[in-house]
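S.K.: One structure follows; several queries about it will come next.
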Amino acid sequence: MNLHEYQGKEILNSFGVEIQRGIVATTPEEAVEAAKKLTEETGTGWHVIKAQVHAGGRGKGGGVKLAKNIQEVKDIAGDIIGMNLVTPQTSAEGKKVHQVLVTEDVYYPGDSEPEEYYMSVLLNRATGKNMIMYSTEGGMDIETVAEETPHLIFHEEIDPAVGLMPFQARRVAFNLGLSGQAFKQMTKFVSALYKAYENSDSSLFEINPVLKTSDDKIIAVDAKVSIDDNALFRRKDYAAMRDIREENATEVEAKEAGLSYVDLDGNVGCMVNGAGLAMATMDLIKQAGGEPANFLDVGGTADAERVETAFKLILKDPNVKAILVNIFGGIVRCDRVAQGIVDAYKNMGTINVPIIVRLQGTNADIAKELIDNSGLDVQSAIEFQEAADKVQAVLS
Ligand code: GDP
Ligand code: MN
């Protein structure tokens with residue numbers, strides 16, 4: 001589960017990581033109140049207004065702006081709240097902005113040497129260790145840095161059983177070229193950041209930029225935090241941070257129905273039981289000249305109700321030109337699934353795209369008969385290739 005910048009910063013702050021302080025606002029009036037409060041608390045004269053959406057690159061899209069007085073706070077907040085923010089990481093339609101974070105300005109006016117670094121903490125699956133990835137080239141796209149100047153990206157591997165050793169935090173500060181007070185502050189920053197990662201069931205922390213001010217403070221200016229979905233049951237406080245407005249509506253609905261669904265860009269909807277079979281089915285669709293419109297695992301119990309829900313979810317996508325149902329009846333009997341499909345189809349009235357059903361396993365032959373005799377516009381198949389050929393035929 002992804003979090004907003006302001007939520008990520010809250011978590012960082014709770015573990016002692018220095019952050020650029022801010023207050024979230026949903027109206028220009030609230031933004032003004034927030035700005036005044038921040039000036040009282042931090043002494044900041046200028047403020048930054050930052051769109052809160054689940055996408056990076058907000059600065060480039062006009063979603064991060066500096067306000068030099070209260071009137072500007074109000075005007076900029078008014079412009080950003082409600083806008084469709086388009087960034088290199090959103091679709092062409094962009095993301096609707098519901099709230100902004102009003103922050104203190106931490107890039108002091110006249111600061112001649114603010115340094116921006118990149119830092120993230122994540123799991124390195126290849127080594128089975130946690131990893132701090134960092135770079136002197138902060139503030140910009142880390143993918144670009146990786147492509148053009150890969151030698152400027154450093155890695156520190158941390159054995160989760162041992163934890164971050166003090167020498168490792170020092171090595172980070174050293175590789176970033178720091179000395180004196182800044183060096184000391186950076187080792188503190190890195191230790192607190194790792195502690196936050198380790199104790200929050202997160203799968204990713206990405207701070208870009210980490211700022212070094214000219215008076216040697218080290219501050220998290222941005223925060224991208226992902227909490228491991230599998231830990232949310234024991235993280236009620238973090239689970240409450242979910243903002244479903246930021247998530248794909250169909251995926252949210254699927255999750256509520258207990259289906260595992262991922263929206264994709266293609267034209268063939270698929271309904272499958274089992275993640276492995278779903279992957280194979282997506283390959284099959286590609287081979288047949290189509291593109292999968294989704295990943296959908298209906299799980300073990302493919303009864304009429306679940307099948308109907310799945311059909312409805314798939315049909316919400318206007319790009320879907322055909323649906324391929326590919327279900328293996330191991331525990332669940334194929335004839336019951338077939339009956340479920342027929343019932344769901346009848347319940348839904350008309351379905352305007354061709355449906356190809358491949359049922360294999362226990363009672364596959366009875367299932368095929370059921371489909372063939374249903375009088376519905378559903379084609380049946382038993383072999384994988386047969387199903388692929390039928391998909392190809394309806395697409396061409
Ligand atoms: P992103 O574009 O979505 O990654 O959003 P960031 O939070 O990283 O902000 C984008 C950019 O805004 C940063 O790289 C900074 O250059 C700038 N910025 C952020 N905070 C401040 C601030 O307090 N003062 C000034 N002057 N610029 C800031
Ligand atoms: Mn950023």
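Order determines the names: the first chain of the structure tokens is A, the second B, and so forth; residues in each chain are numbered 1 upward, and ligands are numbered 1 upward as they are shown.
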Could you find all residues in region 76-147 of chain A that DSSP calls strand (DSSP E or B) from the backbone, and write them as a ChimeraX atom specification?

M.R.: /A:84-85,95-96,100-104,115-124,129-135

S.K.: Can you write out as a tab-separated table which residues of chain A fall within 7 Å of ligand 2, alongside each residue's closest atom pair and its distance in Å to one decimal, counting only C-alpha atoms and all ligand atoms and ordering rows by chain and ascending residue number?

M.R.:
residue	atom	partner	partner_atom_place_in_ligand_line	distance
A:Gly56	CA	ligand 2	1 (Mn)	6.3
A:Gly57	CA	ligand 2	1 (Mn)	6.5
A:Gly139	CA	ligand 2	1 (Mn)	6.1
A:Ile207	CA	ligand 2	1 (Mn)	6.9
A:Asn208	CA	ligand 2	1 (Mn)	4.4
A:Pro209	CA	ligand 2	1 (Mn)	5.6
A:Asp222	CA	ligand 2	1 (Mn)	5.1

S.K.: Generate the output file for the selected residues, all heavy atoms, as an mmCIF file, in the first residue's frame.

M.R.:
data_model
loop_
_atom_site.group_PDB
_atom_site.id
_atom_site.type_symbol
_atom_site.label_atom_id
_atom_site.label_comp_id
_atom_site.auth_asym_id
_atom_site.auth_seq_id
_atom_site.Cartn_x
_atom_site.Cartn_y
_atom_site.Cartn_z
ATOM 1 N N GLY A 56 5.239 10.321 -8.358
ATOM 2 C CA GLY A 56 6.415 11.165 -8.225
ATOM 3 C C GLY A 56 6.485 12.155 -9.373
ATOM 4 O O GLY A 56 5.593 12.217 -10.220
ATOM 5 N N GLY A 57 7.543 12.938 -9.363
ATOM 6 C CA GLY A 57 7.724 13.917 -10.443
ATOM 7 C C GLY A 57 6.733 15.064 -10.368
ATOM 8 O O GLY A 57 6.474 15.742 -11.360
ATOM 9 N N GLY A 139 17.370 14.680 -6.077
ATOM 10 C CA GLY A 139 16.499 15.693 -6.678
ATOM 11 C C GLY A 139 16.089 15.367 -8.094
ATOM 12 O O GLY A 139 15.145 15.930 -8.600
ATOM 13 N N ILE A 207 13.578 8.518 -0.262
ATOM 14 C CA ILE A 207 13.662 9.930 0.105
ATOM 15 C C ILE A 207 14.465 10.635 -0.985
ATOM 16 O O ILE A 207 15.680 10.456 -1.096
ATOM 17 C CB ILE A 207 14.388 10.144 1.459
ATOM 18 C CG1 ILE A 207 13.945 9.111 2.504
ATOM 19 C CG2 ILE A 207 14.170 11.572 1.963
ATOM 20 C CD1 ILE A 207 12.529 9.203 2.934
ATOM 21 N N ASN A 208 13.776 11.421 -1.772
ATOM 22 C CA ASN A 208 14.447 12.117 -2.872
ATOM 23 C C ASN A 208 13.815 13.484 -3.085
ATOM 24 O O ASN A 208 12.736 13.579 -3.626
ATOM 25 C CB ASN A 208 14.340 11.290 -4.156
ATOM 26 C CG ASN A 208 15.192 11.861 -5.270
ATOM 27 O OD1 ASN A 208 16.135 12.601 -5.022
ATOM 28 N ND2 ASN A 208 14.836 11.529 -6.495
ATOM 29 N N PRO A 209 14.465 14.550 -2.641
ATOM 30 C CA PRO A 209 15.819 14.594 -2.119
ATOM 31 C C PRO A 209 15.917 14.535 -0.600
ATOM 32 O O PRO A 209 14.998 14.888 0.116
ATOM 33 C CB PRO A 209 16.282 15.989 -2.571
ATOM 34 C CG PRO A 209 15.027 16.822 -2.547
ATOM 35 C CD PRO A 209 13.909 15.897 -2.895
ATOM 36 N N ASP A 222 11.265 14.918 0.786
ATOM 37 C CA ASP A 222 10.192 14.159 0.148
ATOM 38 C C ASP A 222 10.168 12.784 0.787
ATOM 39 O O ASP A 222 11.155 12.369 1.414
ATOM 40 C CB ASP A 222 10.483 14.053 -1.361
ATOM 41 C CG ASP A 222 9.276 13.573 -2.165
ATOM 42 O OD1 ASP A 222 8.190 13.393 -1.566
ATOM 43 O OD2 ASP A 222 9.420 13.382 -3.388
#

S.K.: Using only C-alpha atoms, which protein or nucleic acid residues come within 8 Å of Val53 (chain A)? Drop anything in the same chain fewer than 3 positions from it, and give the result as a list in words.

M.R.: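 Everything that qualifies: His4, Lys95, Lys96, Val97, His98 and Glu246 of chain A.
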
S.K.: Counting only C-alpha atoms and all ligand atoms, what residues are within 7 Å of ligand 1, given as a PyMOL selection string?

M.R.: chain A and resi 47-48+55-60+64+66+103-107+139-140+208-209+221-222

S.K.: Restricting the output to C-alpha atoms, write the selected residues as a PDB file, in the first residue's frame.

M.R.:
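Result written to again-v3.pdb:
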ATOM      1  CA  HIS A  47       6.305  28.097   2.209  1.00  0.00           C
ATOM      2  CA  VAL A  48       6.127  25.307  -0.318  1.00  0.00           C
ATOM      3  CA  ALA A  55       2.932   9.769  -8.059  1.00  0.00           C
ATOM      4  CA  GLY A  56       6.415  11.165  -8.225  1.00  0.00           C
ATOM      5  CA  GLY A  57       7.724  13.917 -10.443  1.00  0.00           C
ATOM      6  CA  ARG A  58       5.179  16.360  -9.033  1.00  0.00           C
ATOM      7  CA  GLY A  59       7.670  19.204  -9.213  1.00  0.00           C
ATOM      8  CA  LYS A  60       8.035  18.771 -12.967  1.00  0.00           C
ATOM      9  CA  VAL A  64       5.253  21.733  -6.081  1.00  0.00           C
ATOM     10  CA  LEU A  66       7.174  28.072  -3.620  1.00  0.00           C
ATOM     11  CA  THR A 103       5.570  23.001   4.255  1.00  0.00           C
ATOM     12  CA  GLU A 104       8.279  25.180   5.667  1.00  0.00           C
ATOM     13  CA  ASP A 105      10.815  26.338   3.080  1.00  0.00           C
ATOM     14  CA  VAL A 106      13.996  24.486   3.878  1.00  0.00           C
ATOM     15  CA  TYR A 107      16.051  25.800   0.975  1.00  0.00           C
ATOM     16  CA  GLY A 139      16.499  15.693  -6.678  1.00  0.00           C
ATOM     17  CA  MET A 140      16.407  14.095 -10.094  1.00  0.00           C
ATOM     18  CA  ASN A 208      14.447  12.117  -2.872  1.00  0.00           C
ATOM     19  CA  PRO A 209      15.819  14.594  -2.119  1.00  0.00           C
ATOM     20  CA  VAL A 221      12.277  16.844   1.854  1.00  0.00           C
ATOM     21  CA  ASP A 222      10.192  14.159   0.148  1.00  0.00           C
TER      22      ASP A 222
END

S.K.: Could you check which of A:Leu204, A:Ala381, A:Gly258, A:Ser214 is closest to Gly300 (chain A), using only C-alpha atoms?

M.R.: A:Gly258

S.K.: Just list the residues in region 33-231 of chain A DSSP gives helix (DSSP H, G or I) on the backbone, as number ranges by chain.

M.R.: A: 33-42, 70-80, 142-148, 150-152, 166-175, 180-199, 229-231

S.K.: Excluding Val337 (chain A) and any residue of its chain fewer than 2 positions from it, enumerate the residues within 8 Å of it, using only C-alpha atoms, and give them as a CSV table (one decimal) with C-alpha atoms, in the first residue's frame.

M.R.:
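Final output, saved to around.csv:
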chain,number,residue,atom,x,y,z
A,302,ALA,CA,-15.1,-20.5,-8.9
A,303,ASP,CA,-18.9,-20.5,-8.1
A,304,ALA,CA,-21.6,-18.6,-10.1
A,332,VAL,CA,-13.3,-27.6,-8.0
A,333,ARG,CA,-15.2,-29.6,-10.6
A,334,CYS,CA,-15.4,-28.2,-14.1
A,335,ASP,CA,-19.1,-28.9,-14.6
A,339,GLN,CA,-22.8,-24.1,-14.6
A,340,GLY,CA,-21.5,-21.0,-12.8
A,341,ILE,CA,-20.5,-19.4,-16.1
A,367,ALA,CA,-18.5,-29.0,-18.6

S.K.: Using only C-alpha atoms, which of A:Tyr118, A:Met279, A:Lys316, A:Gln7 sits nearest Asp237 (chain A)?

M.R.: A:Gln7

S.K.: Give me the residues within 10 Å of region 155-161 of chain A as a VMD selection string, counting only C-alpha atoms and dropping any in the same chain fewer than 6 places off.

M.R.: chain A and resid 119 to 124 127 to 135 168 to 169 171 to 172 194 198

S.K.: Write a file of the just-selected residues containing C-alpha atoms, as a PDB file, in the first residue's frame.

M.R.:
ATOM      1  CA  MET A 119      18.328   7.634  -0.482  1.00  0.00           C
ATOM      2  CA  SER A 120      16.093   4.581  -0.378  1.00  0.00           C
ATOM      3  CA  VAL A 121      15.751   1.509   1.804  1.00  0.00           C
ATOM      4  CA  LEU A 122      14.362  -1.687   0.374  1.00  0.00           C
ATOM      5  CA  LEU A 123      14.715  -5.443   0.261  1.00  0.00           C
ATOM      6  CA  ASN A 124      17.299  -6.852  -2.096  1.00  0.00           C
ATOM      7  CA  THR A 127      20.805 -11.372  -1.591  1.00  0.00           C
ATOM      8  CA  GLY A 128      17.986 -11.691   0.926  1.00  0.00           C
ATOM      9  CA  LYS A 129      19.241  -8.604   2.706  1.00  0.00           C
ATOM     10  CA  ASN A 130      17.979  -5.111   3.241  1.00  0.00           C
ATOM     11  CA  MET A 131      19.669  -2.438   1.211  1.00  0.00           C
ATOM     12  CA  ILE A 132      20.246   1.272   1.492  1.00  0.00           C
ATOM     13  CA  MET A 133      20.639   2.686  -1.987  1.00  0.00           C
ATOM     14  CA  TYR A 134      21.977   6.231  -2.129  1.00  0.00           C
ATOM     15  CA  SER A 135      23.507   8.753  -4.414  1.00  0.00           C
ATOM     16  CA  GLN A 168      27.819   1.291   7.683  1.00  0.00           C
ATOM     17  CA  ALA A 169      26.060   4.556   8.513  1.00  0.00           C
ATOM     18  CA  ARG A 171      30.334   4.732   5.159  1.00  0.00           C
ATOM     19  CA  VAL A 172      27.156   6.267   3.699  1.00  0.00           C
ATOM     20  CA  TYR A 194      16.796   2.326   8.778  1.00  0.00           C
ATOM     21  CA  GLU A 198      12.724  -2.005   9.941  1.00  0.00           C
TER      22      GLU A 198
END

S.K.: Neighbouring residues of Thr26 (chain A) were defined as those with any atom within 9 Å, considering only C-alpha atoms; residues of the same chain fewer than 6 positions away were excluded. Please report them as a PyMOL selection string.

M.R.: chain A and resi 77+81+98-101

S.K.: Could you save those same residues with C-alpha atoms as a PDB file, in the first residue's frame?

M.R.:
ATOM      1  CA  ALA A  77      -3.131  26.224  -3.030  1.00  0.00           C
ATOM      2  CA  ILE A  81      -6.221  21.729  -5.189  1.00  0.00           C
ATOM      3  CA  HIS A  98      -7.600  16.495  -3.281  1.00  0.00           C
ATOM      4  CA  GLN A  99      -5.139  17.951  -0.796  1.00  0.00           C
ATOM      5  CA  VAL A 100      -1.840  19.780  -0.514  1.00  0.00           C
ATOM      6  CA  LEU A 101       0.956  19.709   2.010  1.00  0.00           C
TER       7      LEU A 101
END

S.K.: If you count only C-alpha atoms, which residues fall within 9 Å of Ser14 (chain A), apart from same-chain ones fewer than 4 positions away, as a PyMOL selection string?

M.R.: chain A and resi 9-10+196

S.K.: How far is it from CA of Asp263 (chain A) to CA of Ile314 (chain A), in Å with one decimal?

M.R.: 9.0 Å

S.K.: Can you work out which one of A:Leu296, A:Ala280, A:Val342, A:Ala146 has the shortest atom-to-atom distance to Leu259 (chain A), counting only C-alpha atoms?

M.R.: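 Checking each of A:Leu296, A:Ala280, A:Val342, A:Ala146 against Leu259 (chain A), counting only C-alpha atoms, the winner is A:Leu296.
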
S.K.: Given only C-alpha atoms as the basis, pick out the residue of A:Ile285, A:Ala310, A:Ile382, A:Val225 nearest to Phe328 (chain A).

M.R.: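 Nearest candidate to Phe328 (chain A) out of A:Ile285, A:Ala310, A:Ile382, A:Val225: A:Ile382.
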
S.K.: Which residue gives the smallest distance to Ser191 (chain A) among A:Leu12, A:Val86, A:Val391, A:Ile70, with only C-alpha atoms counted?

M.R.: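 Under the stated criterion, the closest residue is A:Leu12.
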